[in-house]
>>> print(open('start_34.txt').read())   # compact mmCIF, C-alpha atoms
# COMPACT_ATOMS: atom_id res chain seq x y z
CA MET Z 1 -11.43 48.07 -3.15
CA THR Z 2 -14.98 48.61 -1.92
CA GLU Z 3 -16.00 51.87 -3.61
CA LYS Z 4 -16.10 52.24 -7.39
CA PRO Z 5 -14.44 55.39 -8.72
CA GLY Z 6 -16.39 57.99 -10.66
CA TRP Z 7 -14.69 57.16 -13.95
CA LEU Z 8 -16.02 53.60 -13.94
CA THR Z 9 -19.35 53.97 -15.70
CA ALA Z 10 -21.45 50.97 -16.75
CA ASP Z 11 -20.54 51.68 -20.39
CA LEU Z 12 -16.84 51.77 -19.60
CA CYS Z 13 -17.08 48.57 -17.59
CA ALA Z 14 -18.74 46.84 -20.55
CA TYR Z 15 -16.05 48.23 -22.85
CA ILE Z 16 -13.23 46.94 -20.61
CA GLU Z 17 -14.82 43.50 -20.54
CA ALA Z 18 -15.22 43.46 -24.33
CA VAL Z 19 -11.54 44.41 -24.81
CA ALA Z 20 -10.58 41.80 -22.22
CA TYR Z 21 -12.57 39.08 -23.99
CA GLU Z 22 -10.90 39.89 -27.29
CA PHE Z 23 -7.54 39.69 -25.52
CA HIS Z 24 -8.40 36.29 -23.99
CA VAL Z 25 -9.23 34.95 -27.45
CA ARG Z 26 -5.95 36.27 -28.82
CA ALA Z 27 -3.79 35.15 -25.87
CA PHE Z 28 -5.38 31.87 -24.80
CA GLY Z 29 -7.46 30.76 -27.79
CA GLU Z 30 -11.20 30.60 -28.28
CA GLN Z 31 -11.86 27.55 -26.13
CA LEU Z 32 -10.04 28.86 -23.04
CA ALA Z 33 -11.52 32.32 -23.55
CA ARG Z 34 -14.98 30.79 -23.45
CA ILE Z 35 -14.12 28.85 -20.28
CA ASN Z 36 -12.58 31.91 -18.63
CA PHE Z 37 -15.88 33.76 -18.83
CA LEU Z 38 -18.02 30.92 -17.45
CA PRO Z 39 -19.37 31.03 -13.89
CA LEU Z 40 -16.87 29.69 -11.33
CA GLU Z 41 -18.30 26.21 -10.80
CA GLU Z 42 -18.69 25.57 -14.55
CA ARG Z 43 -15.17 26.86 -15.06
CA LYS Z 44 -13.79 24.45 -12.45
CA THR Z 45 -15.66 21.59 -14.11
CA GLU Z 46 -14.04 22.45 -17.43
CA VAL Z 47 -10.58 22.72 -15.84
CA ARG Z 48 -11.07 19.38 -14.15
CA ALA Z 49 -11.95 17.78 -17.49
CA MET Z 50 -8.88 19.30 -19.17
CA VAL Z 51 -6.50 18.29 -16.35
CA GLU Z 52 -7.86 14.76 -16.22
CA HIS Z 53 -7.75 14.37 -19.99
CA ALA Z 54 -4.14 15.61 -20.03
CA ARG Z 55 -3.24 13.25 -17.18
CA ALA Z 56 -4.83 10.33 -19.03
CA MET Z 57 -2.67 11.24 -22.04
CA GLY Z 58 0.44 11.07 -19.87
CA VAL Z 59 0.98 14.80 -19.32
CA ARG Z 60 2.60 15.60 -15.99
CA HIS Z 61 1.81 18.94 -14.39
CA GLU Z 62 4.46 18.59 -11.71
CA LYS Z 63 6.78 21.60 -11.51
CA PRO Z 64 10.46 21.22 -10.63
CA ALA Z 65 11.20 21.69 -6.93
CA LEU Z 66 14.07 24.19 -6.99
CA GLY Z 67 13.74 25.83 -3.61
CA VAL Z 68 12.76 28.99 -5.43
CA THR Z 69 9.89 29.61 -7.82
CA PRO Z 70 9.71 32.01 -10.80
CA MET V 1 -7.96 12.57 -6.69
CA ASN V 2 -9.79 14.73 -9.20
CA TYR V 3 -9.54 18.49 -9.52
CA ALA V 4 -12.54 19.15 -7.28
CA GLU V 5 -11.08 16.93 -4.55
CA LEU V 6 -7.70 18.64 -4.88
CA ASP V 7 -9.33 22.05 -4.71
CA SER V 8 -11.12 21.05 -1.54
CA PHE V 9 -7.94 19.49 -0.12
CA TYR V 10 -5.89 22.67 -0.57
CA ARG V 11 -8.70 24.89 0.68
CA GLN V 12 -8.84 22.77 3.83
CA ILE V 13 -5.11 23.33 4.45
CA VAL V 14 -5.38 27.09 3.97
CA GLY V 15 -8.51 27.26 6.13
CA THR V 16 -6.80 25.37 8.96
CA VAL V 17 -3.78 27.69 8.97
CA ARG V 18 -6.07 30.73 8.92
CA ALA V 19 -8.07 29.35 11.83
CA GLY V 20 -4.78 29.32 13.73
CA GLY V 21 -4.56 33.07 13.26
CA PHE V 22 -2.01 33.28 10.45
CA PRO V 23 -2.51 34.77 6.99
CA CYS V 24 -2.56 32.13 4.29
CA ALA V 25 -3.91 32.15 0.73
CA ILE V 26 -3.92 30.12 -2.46
CA THR V 27 -2.06 31.90 -5.25
CA SER V 28 -0.71 31.31 -8.80
CA GLY V 29 -2.54 28.83 -11.05
CA MET V 30 -5.41 27.88 -8.76
CA ALA V 31 -6.05 31.53 -7.92
CA CYS V 32 -6.08 32.25 -11.65
CA VAL V 33 -8.74 29.58 -12.16
CA ASN V 34 -10.78 31.27 -9.44
CA TYR V 35 -10.38 34.65 -11.15
CA GLY V 36 -11.34 33.41 -14.61
CA VAL V 37 -7.93 33.12 -16.24
CA VAL V 38 -7.69 29.37 -16.45
CA GLU V 39 -4.46 27.43 -16.04
CA THR V 40 -4.55 23.66 -16.32
CA THR V 41 -2.66 23.23 -13.12
CA ASN V 42 -2.76 20.28 -10.81
CA ASP V 43 -0.63 21.63 -8.04
CA CYS V 44 -1.11 24.42 -5.57
CA ASP V 45 1.00 27.39 -4.54
CA ILE V 46 0.17 29.04 -1.26
CA LEU V 47 1.34 32.18 0.44
CA CYS V 48 1.77 31.83 4.18
CA GLY V 49 2.63 34.54 6.69
CA THR V 50 6.23 33.80 7.60
CA ASP V 51 5.37 33.57 11.30
CA GLY V 52 2.84 30.90 10.43
CA ALA V 53 5.45 28.42 9.17
CA ARG V 54 5.31 26.26 12.28
CA GLY V 55 1.50 26.13 12.22
CA LEU V 56 1.48 25.22 8.55
CA LEU V 57 4.06 22.49 9.11
CA THR V 58 1.90 21.02 11.87
CA THR V 59 -1.10 21.08 9.52
CA LEU V 60 0.85 19.38 6.74
CA GLN V 61 1.99 16.68 9.16
CA GLU V 62 -1.61 15.89 9.97
CA VAL V 63 -3.22 16.04 6.52
CA ARG V 64 -3.37 12.72 4.64
CA VAL V 65 -4.13 11.62 1.10
CA ASP V 66 -5.48 8.05 1.11
CA GLY V 67 -3.74 7.58 4.42
CA GLU V 68 -0.38 8.82 3.12
CA GLY V 69 1.36 11.74 4.78
CA ALA V 70 3.26 14.58 3.16
CA SER V 71 6.93 14.49 2.23
CA TYR V 72 9.35 17.18 1.22
CA ARG V 73 9.81 17.19 -2.56
CA GLY V 74 13.25 17.36 -4.13
CA THR V 75 16.61 18.01 -2.54
CA MET V 76 16.51 21.77 -3.13
CA SER V 77 13.34 22.47 -1.18
CA ALA V 78 14.07 24.81 1.69
CA PRO V 79 12.77 23.79 5.10
CA LEU V 80 9.37 25.23 5.98
CA ASP V 81 10.81 27.54 8.57
CA THR V 82 10.26 31.25 9.22
CA ARG V 83 13.95 32.08 8.67
CA TRP V 84 14.08 30.80 5.09
CA LEU V 85 10.54 31.78 4.12
CA ARG V 86 11.41 35.39 5.04
CA GLY V 87 14.36 35.18 2.70
CA GLY V 88 12.20 34.30 -0.29
CA TRP V 89 12.79 30.55 -0.41
CA THR V 90 10.04 28.11 -1.38
CA ALA V 91 9.25 24.85 0.43
CA HIS V 92 7.91 22.02 -1.75
CA PHE V 93 5.72 19.11 -0.62
CA VAL V 94 4.06 16.09 -2.15
CA TRP V 95 1.52 13.50 -1.08
CA ARG V 96 1.80 10.24 -3.03
CA SER V 97 -0.61 7.35 -2.84
CA ALA V 98 -1.42 4.58 -5.30
CA ARG V 99 -4.47 6.55 -6.42
CA ALA V 100 -3.40 10.16 -6.23
CA GLU V 101 -0.67 12.75 -6.01
CA ALA V 102 -0.95 16.25 -4.61
CA TYR V 103 1.72 18.92 -4.84
CA LEU V 104 2.06 21.99 -2.68
CA ASP V 105 4.59 24.84 -2.88
CA VAL V 106 4.79 27.34 -0.03
CA PHE V 107 5.94 30.96 -0.34
CA GLY V 108 6.44 33.32 2.57
CA VAL V 109 7.21 36.31 0.37
CA PRO V 110 5.43 36.67 -2.97
CA PRO V 111 8.07 37.22 -5.68
CA ARG V 112 7.99 40.90 -6.75
CA GLY V 113 5.16 41.57 -4.32
CA THR V 114 4.60 45.12 -3.11
CA GLY V 115 2.61 46.10 -0.06
CA ASP V 116 0.92 43.71 2.32
CA TRP V 117 -0.42 40.70 0.40
CA ALA V 118 -2.41 39.53 3.43
CA SER V 119 -4.60 42.64 3.31
CA GLU V 120 -5.54 41.86 -0.31
CA VAL V 121 -6.75 38.31 0.22
CA ARG V 122 -10.20 37.50 -1.18
CA ASP V 123 -11.92 34.44 0.23
CA LEU V 124 -9.10 31.87 0.36
CA TYR V 125 -7.17 33.39 -2.55
CA ALA V 126 -4.39 35.96 -2.88
CA GLY V 127 -5.68 39.17 -4.42
CA ARG V 128 -5.49 39.84 -8.14
CA HIS V 129 -2.83 42.53 -7.64
CA THR V 130 -0.57 40.10 -5.77
CA VAL V 131 -1.12 37.26 -8.26
CA ALA V 132 -0.42 39.60 -11.19
CA GLU V 133 2.84 40.79 -9.61
CA MET V 134 3.88 37.16 -9.19
CA LYS V 135 3.26 36.59 -12.90
CA ARG V 136 6.08 38.92 -14.06
CA THR V 137 8.39 35.95 -14.46
CA ASN V 138 10.98 34.78 -16.95
CA ARG V 139 8.36 32.46 -18.49
CA GLU V 140 6.61 33.69 -21.63
CA ARG V 141 3.41 31.89 -20.76
CA ASP V 142 2.86 33.85 -17.53
CA TRP V 143 2.53 37.30 -19.10
CA PRO V 144 -0.97 37.04 -20.59
CA TYR V 145 -2.21 36.17 -17.10
CA ALA V 146 -0.84 39.44 -15.75
CA THR V 147 -2.56 41.40 -18.51
CA ALA V 148 -5.87 39.58 -17.99
CA LEU V 149 -5.75 40.21 -14.23
CA GLY V 150 -4.88 43.86 -14.87
CA ALA V 151 -7.97 44.28 -17.05
CA GLN V 152 -10.08 42.67 -14.32
CA LEU V 153 -8.72 45.12 -11.75
CA LEU V 154 -9.63 48.04 -14.01
CA ALA V 155 -13.11 46.61 -14.57
CA ALA V 156 -13.48 46.51 -10.78
CA GLY V 157 -12.41 50.15 -10.52
CA ASP V 158 -8.92 49.42 -9.18
CA ALA V 159 -6.56 51.69 -11.15
CA ARG V 160 -3.58 49.49 -10.21
CA GLY V 161 -4.72 47.34 -13.13
CA TRP V 162 -2.65 49.73 -15.27
CA LEU V 163 0.48 48.30 -13.67
CA HIS V 164 -0.22 44.80 -14.99
CA ILE V 165 -1.18 45.30 -18.62
CA PHE V 166 1.70 44.37 -20.90
CA ASP V 167 -0.20 43.87 -24.13
CA LEU V 168 0.18 46.75 -26.57
CA ASP V 169 -3.29 46.47 -28.10
CA VAL V 170 -5.01 46.37 -24.71
CA LEU V 171 -3.02 49.36 -23.47
CA GLU V 172 -3.94 51.33 -26.57
CA ALA V 173 -7.60 50.32 -26.31
CA PHE V 174 -7.76 51.67 -22.76
CA ALA V 175 -5.56 54.73 -23.28
CA ASP V 176 -8.27 57.28 -24.06
CA ARG V 177 -10.94 55.80 -21.84
CA ILE V 178 -9.41 55.13 -18.41
CA PRO V 179 -7.60 57.83 -16.40
CA ARG V 180 -4.07 57.39 -15.08
CA SER V 181 -2.94 59.23 -11.97
CA ASP V 182 0.47 60.85 -11.54
CA SER V 183 1.31 58.26 -8.90
CA LEU V 184 0.67 55.45 -11.40
CA LEU V 185 2.80 57.18 -14.02
CA ALA V 186 5.58 57.44 -11.45
CA LEU V 187 5.32 53.74 -10.67
CA ARG V 188 5.24 52.75 -14.35
CA PRO V 189 6.87 55.38 -16.58
CA VAL V 190 6.05 53.50 -19.79
CA LEU V 191 2.43 54.58 -19.31
CA ARG V 192 3.54 58.12 -20.17
CA LEU V 193 4.08 56.88 -23.73
CA LEU V 194 0.48 55.90 -24.46
CA GLY V 195 -0.28 57.45 -27.83
CA ASP V 196 3.43 57.85 -28.57
CA ALA V 197 5.19 55.91 -31.33
CA ARG V 198 7.91 54.90 -28.86
CA LEU V 199 5.48 52.87 -26.73
CA LYS V 200 5.95 49.55 -28.52
CA GLN V 201 9.70 49.51 -28.11
CA ALA V 202 9.61 50.81 -24.53
CA LEU V 203 7.06 48.14 -23.60
CA HIS V 204 9.32 45.46 -25.05
CA VAL V 205 12.27 46.75 -23.05
CA GLU V 206 10.19 46.91 -19.88
CA ARG V 207 9.15 43.28 -20.24
CA GLU V 208 12.72 42.23 -20.95
CA PHE V 209 13.70 44.01 -17.74
CA TRP V 210 11.28 41.90 -15.68
CA PHE V 211 12.48 38.77 -17.52
CA GLU V 212 16.08 39.62 -16.70
CA LEU V 213 15.30 40.47 -13.08
CA ASP V 214 13.73 37.05 -12.67
CA ARG V 215 16.70 35.35 -14.32
CA GLN V 216 19.06 37.17 -11.95
CA ARG V 217 16.91 36.39 -8.92
CA LEU V 218 16.67 32.69 -9.75
CA SER V 219 20.38 32.36 -10.44
CA ILE V 220 21.21 33.92 -7.05
CA TYR V 221 19.07 31.31 -5.28
CA GLN V 222 20.32 28.47 -7.49
CA ARG V 223 23.93 29.27 -6.62
CA ALA V 224 23.10 29.54 -2.93
CA VAL V 225 21.21 26.24 -2.74
CA ARG V 226 23.90 23.93 -4.17
CA PRO V 227 25.85 22.98 -1.00
CA TYR V 228 22.62 22.42 0.93
CA ALA V 229 21.02 20.38 -1.87
CA SER V 230 24.14 18.24 -2.15
CA ALA V 231 24.13 17.54 1.59
CA VAL V 232 20.41 16.68 1.62
CA ARG V 233 20.87 14.39 -1.41
CA LYS V 234 23.59 12.42 0.36
CA ASP V 235 21.79 12.18 3.70
CA PRO V 236 19.75 8.96 3.89
CA MET V 237 17.76 10.41 6.78
CA ALA V 238 16.39 13.19 4.56
CA THR V 239 13.77 10.96 3.00
CA ARG V 240 12.70 9.02 6.05
CA ILE V 241 9.17 9.38 7.28
CA PRO V 242 7.46 11.06 9.01
CA LEU V 243 7.58 14.64 7.72
CA SER V 244 8.76 15.92 11.11
CA ALA V 245 11.91 13.80 10.75
CA GLN V 246 12.54 15.03 7.20
CA HIS V 247 12.05 18.57 8.43
CA ALA V 248 14.56 18.17 11.25
CA VAL V 249 17.20 16.93 8.80
CA ARG V 250 16.56 19.85 6.40
CA VAL V 251 16.73 22.42 9.19
CA GLU V 252 19.99 20.93 10.42
CA TRP V 253 21.61 21.15 6.98
CA ALA V 254 20.07 24.53 6.23
CA GLU V 255 21.49 26.02 9.41
CA LYS V 256 24.93 24.94 8.23
CA LEU V 257 24.71 25.49 4.48
CA LEU V 258 21.68 27.46 3.30
CA PRO V 259 21.87 31.27 3.57
CA THR V 260 18.55 32.56 4.84
CA ASN V 261 18.37 35.49 2.43
CA PRO V 262 20.68 35.31 -0.59
CA ILE V 263 19.06 38.34 -2.26
CA HIS V 264 19.89 40.41 0.80
CA ASP V 265 23.44 39.06 0.74
CA HIS V 266 23.84 39.80 -2.97
CA GLY V 267 22.16 43.19 -2.62
CA VAL V 268 18.91 44.25 -4.27
CA ASP V 269 20.57 47.23 -5.92
CA ALA V 270 23.31 44.98 -7.29
CA MET V 271 20.73 42.57 -8.71
CA ILE V 272 18.86 45.42 -10.39
CA ALA V 273 22.13 46.82 -11.76
CA ASP V 274 22.99 43.38 -13.15
CA ALA V 275 19.62 43.22 -14.92
CA ARG V 276 20.04 46.71 -16.37
CA GLY V 277 23.54 45.78 -17.48
CA GLU V 278 22.16 42.83 -19.45
CA LEU V 279 19.62 45.14 -21.14
CA LEU V 280 22.37 47.55 -22.14
CA LYS V 281 23.89 44.72 -24.19
CA LEU V 282 20.68 44.63 -26.24
CA PHE V 283 19.16 48.11 -26.28
CA GLU V 284 20.05 51.76 -26.66
CA PRO V 285 20.65 53.34 -23.22
CA SER V 286 17.94 55.94 -23.87
CA LEU V 287 15.30 53.20 -23.87
CA LEU V 288 16.06 52.38 -20.26
CA GLN V 289 14.64 55.73 -19.14
CA TRP V 290 11.14 54.20 -19.26
CA LEU V 291 11.91 51.35 -16.87
CA PRO V 292 10.14 51.28 -13.50
CA ASP V 293 11.91 51.67 -10.18
CA VAL V 294 11.57 48.09 -8.98
CA ARG V 295 13.18 48.39 -5.56
CA GLU V 296 9.77 48.28 -3.88
CA ASN V 297 9.17 44.90 -5.54
CA PHE V 298 12.10 43.47 -3.60
CA GLN V 299 11.78 45.56 -0.45
CA ALA V 300 10.53 42.63 1.63
CA LEU V 301 13.82 40.86 0.94
CA GLU V 302 15.97 43.95 1.33
CA LYS V 303 14.68 44.66 4.82
CA ARG V 304 14.99 41.19 6.16
CA GLY V 305 18.48 39.97 6.79
CA HIS V 306 19.66 37.01 8.81
CA ASP V 307 17.74 36.17 11.93
>>> encode(input="start_34.txt", output="structure tokens")
Amino acid sequence: MTEKPGWLTADLCAYIEAVAYEFHVRAFGEQLARINFLPLEERKTEVRAMVEHARAMGVRHEKPALGVTP
Amino acid sequence: MNYAELDSFYRQIVGTVRAGGFPCAITSGMACVNYGVVETTNDCDILCGTDGARGLLTTLQEVRVDGEGASYRGTMSAPLDTRWLRGGWTAHFVWRSARAEAYLDVFGVPPRGTGDWASEVRDLYAGRHTVAEMKRTNRERDWPYATALGAQLLAAGDARGWLHIFDLDVLEAFADRIPRSDSLLALRPVLRLLGDARLKQALHVEREFWFELDRQRLSIYQRAVRPYASAVRKDPMATRIPLSAQHAVRVEWAEKLLPTNPIHDHGVDAMIADARGELLKLFEPSLLQWLPDVRENFQALEKRGHD
């Protein structure tokens, strides 16, 4: 989508983002909500830290190989 | 291999396939990280144009992790071959070295995807609309990702975001502020109930419908894969290196035992009817009137039969 529709005013865009942030807090928790709204490179740094910490604690992220994926 | 190295590794694979002229994109968890809906995932799912299977296989044969080549993962992985990718199968790969592991799953057809995913690609990632459609799974944890991506689409002015919001509070917050076209209401009838006391229940039924569709879809593939998986498990040649040799063994068994498109064989309409039948065990029939027509979500599989 290259052209913004007429209904998408700056106020509405800010409102959507505020509702979305509140949803992220409710659905993912405050820490992930904060990370989700960071700039991309900072976000990747945070994800890397979480994945590596989980791996160090013995968590495996490997999904089952079933020939089909949900 | 840390996350940044993995990210770069997978981007290199996708970039190489694209340079060969075939559509290819990172999807699922890593795409979600890119879009600001973080998943702590370590593996990578990619979408690959089904005609690009051979090119992708060649790339995977060449790419190394600490000098180690790729292997097929598990006995149920379909061969990375146009015929099975078109039928909705996934091919699974792993690189294992003493220092690192990297996992890659390859889709040719995005589950529940409508339209042309390749035209929605942004940078090296599948578009938000495609990723959100793929998140309507039978796993509870996937649904907030769909809603978050839907809100992002709306914030970007893409009204299709309405199709992905499954959270009651978010729907109600947007109801009076963001317009909904007749075509959207036709695609998702539950949107007609915004502001209506029946919305909560209809939304619950709608989500259960997608859950049940995914359960039905997975069980069709799981039944179809058993003879093939059993043959691969017993074949000592299936795990030999290099990848090209593993691939040849899988293709040989798949040609004998793995139907290319089990959803087509079962029938999309039959699968949908099965899912609706399960809902009727739980809900009043009148509640099913708000369910979407999901045939378009499986059209790619309906059209493509055996090659």
>>> residues_around(input="start_34.txt", residues="region 15-30 of chain Z", least_positions_apart="3", cutoff="10 Å", atoms="only C-alpha atoms", output="PyMOL selection string")
(chain Z and resi 8-12+33-37) or (chain V and resi 37-39+141+143-145+147-152+154-156+167+169-171+173-174+177-178)
>>> write_last_selection(input="start_34.txt", atoms="C-alpha atoms", output="tab-separated table (two decimals), in the frame of the given file")
chain	number	residue	atom	x	y	z
Z	8	LEU	CA	-16.02	53.60	-13.94
Z	9	THR	CA	-19.35	53.97	-15.70
Z	10	ALA	CA	-21.45	50.97	-16.75
Z	11	ASP	CA	-20.54	51.68	-20.39
Z	12	LEU	CA	-16.84	51.77	-19.60
Z	33	ALA	CA	-11.52	32.32	-23.55
Z	34	ARG	CA	-14.98	30.79	-23.45
Z	35	ILE	CA	-14.12	28.85	-20.28
Z	36	ASN	CA	-12.58	31.91	-18.63
Z	37	PHE	CA	-15.88	33.76	-18.83
V	37	VAL	CA	-7.93	33.12	-16.24
V	38	VAL	CA	-7.69	29.37	-16.45
V	39	GLU	CA	-4.46	27.43	-16.04
V	141	ARG	CA	3.41	31.89	-20.76
V	143	TRP	CA	2.53	37.30	-19.10
V	144	PRO	CA	-0.97	37.04	-20.59
V	145	TYR	CA	-2.21	36.17	-17.10
V	147	THR	CA	-2.56	41.40	-18.51
V	148	ALA	CA	-5.87	39.58	-17.99
V	149	LEU	CA	-5.75	40.21	-14.23
V	150	GLY	CA	-4.88	43.86	-14.87
V	151	ALA	CA	-7.97	44.28	-17.05
V	152	GLN	CA	-10.08	42.67	-14.32
V	154	LEU	CA	-9.63	48.04	-14.01
V	155	ALA	CA	-13.11	46.61	-14.57
V	156	ALA	CA	-13.48	46.51	-10.78
V	167	ASP	CA	-0.20	43.87	-24.13
V	169	ASP	CA	-3.29	46.47	-28.10
V	170	VAL	CA	-5.01	46.37	-24.71
V	171	LEU	CA	-3.02	49.36	-23.47
V	173	ALA	CA	-7.60	50.32	-26.31
V	174	PHE	CA	-7.76	51.67	-22.76
V	177	ARG	CA	-10.94	55.80	-21.84
V	178	ILE	CA	-9.41	55.13	-18.41
>>> atom_distance(input="start_34.txt", atom1="CA of Cys48 (chain V)", atom2="CA of Asn138 (chain V)")
23.2 Å
>>> closest_residue(input="start_34.txt", among="V:Ala186, V:Val63, V:Ala146, V:Ala275", to="chain Z", atoms="all atoms listed in the file")
V:Ala146
>>> interface_residues(input="start_34.txt", of="chain V", to="chain Z", cutoff="6 Å", atoms="all atoms listed in the file", output="list in words")
Tyr3, Gly36, Val37, Val38, Thr40, Asn42, Gly74, Met76, Ser77, Ala78, Trp89, Thr90, Thr137, Ala155 and Gly157 of chain V
>>> atom_distance(input="start_34.txt", atom1="CA of Leu85 (chain V)", atom2="CA of Val109 (chain V)")
6.8 Å
>>> atom_distance(input="start_34.txt", atom1="CA of Arg207 (chain V)", atom2="CA of Gly88 (chain V)")
22.1 Å
>>> closest_residue(input="start_34.txt", among="V:Glu252, V:Asp235, V:Asp7, V:Asp269", to="Arg217 (chain V)", atoms="all atoms listed in the file")
V:Asp269
>>> residues_around(input="start_34.txt", residues="Arg18 (chain V)", least_positions_apart="3", cutoff="12 Å", atoms="all atoms listed in the file", output="list in words")
Arg11, Gln12, Ile13, Val14, Gly15, Gly21, Phe22, Pro23, Cys24, Ala25, Ile26, Leu47, Cys48, Gly49, Gly52, Ala53, Gly55, Leu56, Thr59, Ala118, Val121, Asp123, Leu124 and Tyr125 of chain V
>>> residues_around(input="start_34.txt", residues="Arg226 (chain V)", least_positions_apart="3", cutoff="9 Å", atoms="all atoms listed in the file", output="mmCIF file with C-alpha atoms, keeping the file's coordinate frame")
data_model
loop_
_atom_site.group_PDB
_atom_site.id
_atom_site.type_symbol
_atom_site.label_atom_id
_atom_site.label_comp_id
_atom_site.auth_asym_id
_atom_site.auth_seq_id
_atom_site.Cartn_x
_atom_site.Cartn_y
_atom_site.Cartn_z
ATOM 1 C CA MET V 76 16.510 21.770 -3.130
ATOM 2 C CA TYR V 221 19.070 31.310 -5.280
ATOM 3 C CA GLN V 222 20.320 28.470 -7.490
ATOM 4 C CA ARG V 223 23.930 29.270 -6.620
ATOM 5 C CA ALA V 229 21.020 20.380 -1.870
ATOM 6 C CA SER V 230 24.140 18.240 -2.150
ATOM 7 C CA ALA V 231 24.130 17.540 1.590
ATOM 8 C CA LEU V 257 24.710 25.490 4.480
ATOM 9 C CA LEU V 258 21.680 27.460 3.300
#
>>> axis_aligned_box(input="start_34.txt", around="region 32-36 of chain V", padding_each_side="6 Å", output="lines of an AutoDock Vina configuration file")
center_x = -8.7
center_y = 32.1
center_z = -12.0
size_x = 17.3
size_y = 17.1
size_z = 17.2
>>> residues_around(input="start_34.txt", residues="Pro79 (chain V)", least_positions_apart="5", cutoff="8 Å", atoms="only C-alpha atoms", output="list in words")
Trp84, Ala91, His247, Arg250, Val251 and Ala254 of chain V
>>> residues_around(input="start_34.txt", residues="region 236-246 of chain V", least_positions_apart="4", cutoff="10 Å", atoms="all atoms listed in the file", output="PDB file with C-alpha atoms, in the frame of the given file")
ATOM      1  CA  LEU V  57       4.060  22.490   9.110  1.00  0.00           C
ATOM      2  CA  THR V  58       1.900  21.020  11.870  1.00  0.00           C
ATOM      3  CA  LEU V  60       0.850  19.380   6.740  1.00  0.00           C
ATOM      4  CA  GLN V  61       1.990  16.680   9.160  1.00  0.00           C
ATOM      5  CA  GLU V  62      -1.610  15.890   9.970  1.00  0.00           C
ATOM      6  CA  GLY V  69       1.360  11.740   4.780  1.00  0.00           C
ATOM      7  CA  ALA V  70       3.260  14.580   3.160  1.00  0.00           C
ATOM      8  CA  SER V  71       6.930  14.490   2.230  1.00  0.00           C
ATOM      9  CA  TYR V  72       9.350  17.180   1.220  1.00  0.00           C
ATOM     10  CA  ARG V  73       9.810  17.190  -2.560  1.00  0.00           C
ATOM     11  CA  GLY V  74      13.250  17.360  -4.130  1.00  0.00           C
ATOM     12  CA  THR V  75      16.610  18.010  -2.540  1.00  0.00           C
ATOM     13  CA  PRO V  79      12.770  23.790   5.100  1.00  0.00           C
ATOM     14  CA  PHE V  93       5.720  19.110  -0.620  1.00  0.00           C
ATOM     15  CA  ALA V 231      24.130  17.540   1.590  1.00  0.00           C
ATOM     16  CA  VAL V 232      20.410  16.680   1.620  1.00  0.00           C
ATOM     17  CA  ARG V 250      16.560  19.850   6.400  1.00  0.00           C
ATOM     18  CA  VAL V 251      16.730  22.420   9.190  1.00  0.00           C
ATOM     19  CA  TRP V 253      21.610  21.150   6.980  1.00  0.00           C
TER      20      TRP V 253
END
>>> residues_near_point(input="start_34.txt", point="(-1.4, 57.1, -27.4)", cutoff="8 Å", atoms="all atoms listed in the file", output="PyMOL selection string")
chain V and resi 172+175-176+193-197
>>> build_atoms(input="start_34.txt", residues="region 147-157 of chain V", atoms="N, CA and C atoms", output="PDB file, in the coordinates of the input")
ATOM      1  N   THR V 147      -1.724  40.455 -17.765  1.00  0.00           N
ATOM      2  CA  THR V 147      -2.560  41.400 -18.510  1.00  0.00           C
ATOM      3  C   THR V 147      -4.050  41.156 -18.226  1.00  0.00           C
ATOM      4  N   ALA V 148      -4.450  39.892 -18.232  1.00  0.00           N
ATOM      5  CA  ALA V 148      -5.870  39.580 -17.990  1.00  0.00           C
ATOM      6  C   ALA V 148      -6.288  40.008 -16.595  1.00  0.00           C
ATOM      7  N   LEU V 149      -5.424  39.786 -15.605  1.00  0.00           N
ATOM      8  CA  LEU V 149      -5.750  40.210 -14.230  1.00  0.00           C
ATOM      9  C   LEU V 149      -5.781  41.729 -14.137  1.00  0.00           C
ATOM     10  N   GLY V 150      -4.883  42.389 -14.865  1.00  0.00           N
ATOM     11  CA  GLY V 150      -4.880  43.860 -14.870  1.00  0.00           C
ATOM     12  C   GLY V 150      -6.188  44.411 -15.411  1.00  0.00           C
ATOM     13  N   ALA V 151      -6.693  43.819 -16.488  1.00  0.00           N
ATOM     14  CA  ALA V 151      -7.970  44.280 -17.050  1.00  0.00           C
ATOM     15  C   ALA V 151      -9.106  44.046 -16.051  1.00  0.00           C
ATOM     16  N   GLN V 152      -9.040  42.927 -15.330  1.00  0.00           N
ATOM     17  CA  GLN V 152     -10.080  42.670 -14.320  1.00  0.00           C
ATOM     18  C   GLN V 152     -10.038  43.701 -13.200  1.00  0.00           C
ATOM     19  N   LEU V 153      -8.829  44.093 -12.802  1.00  0.00           N
ATOM     20  CA  LEU V 153      -8.720  45.120 -11.750  1.00  0.00           C
ATOM     21  C   LEU V 153      -9.343  46.421 -12.224  1.00  0.00           C
ATOM     22  N   LEU V 154      -9.052  46.804 -13.469  1.00  0.00           N
ATOM     23  CA  LEU V 154      -9.630  48.040 -14.010  1.00  0.00           C
ATOM     24  C   LEU V 154     -11.163  47.942 -14.074  1.00  0.00           C
ATOM     25  N   ALA V 155     -11.655  46.784 -14.487  1.00  0.00           N
ATOM     26  CA  ALA V 155     -13.110  46.610 -14.570  1.00  0.00           C
ATOM     27  C   ALA V 155     -13.763  46.676 -13.195  1.00  0.00           C
ATOM     28  N   ALA V 156     -12.963  46.407 -12.149  1.00  0.00           N
ATOM     29  CA  ALA V 156     -13.480  46.510 -10.780  1.00  0.00           C
ATOM     30  C   ALA V 156     -13.234  47.892 -10.192  1.00  0.00           C
ATOM     31  N   GLY V 157     -12.644  48.789 -10.991  1.00  0.00           N
ATOM     32  CA  GLY V 157     -12.410  50.150 -10.520  1.00  0.00           C
ATOM     33  C   GLY V 157     -11.100  50.337  -9.791  1.00  0.00           C
TER      34      GLY V 157
END
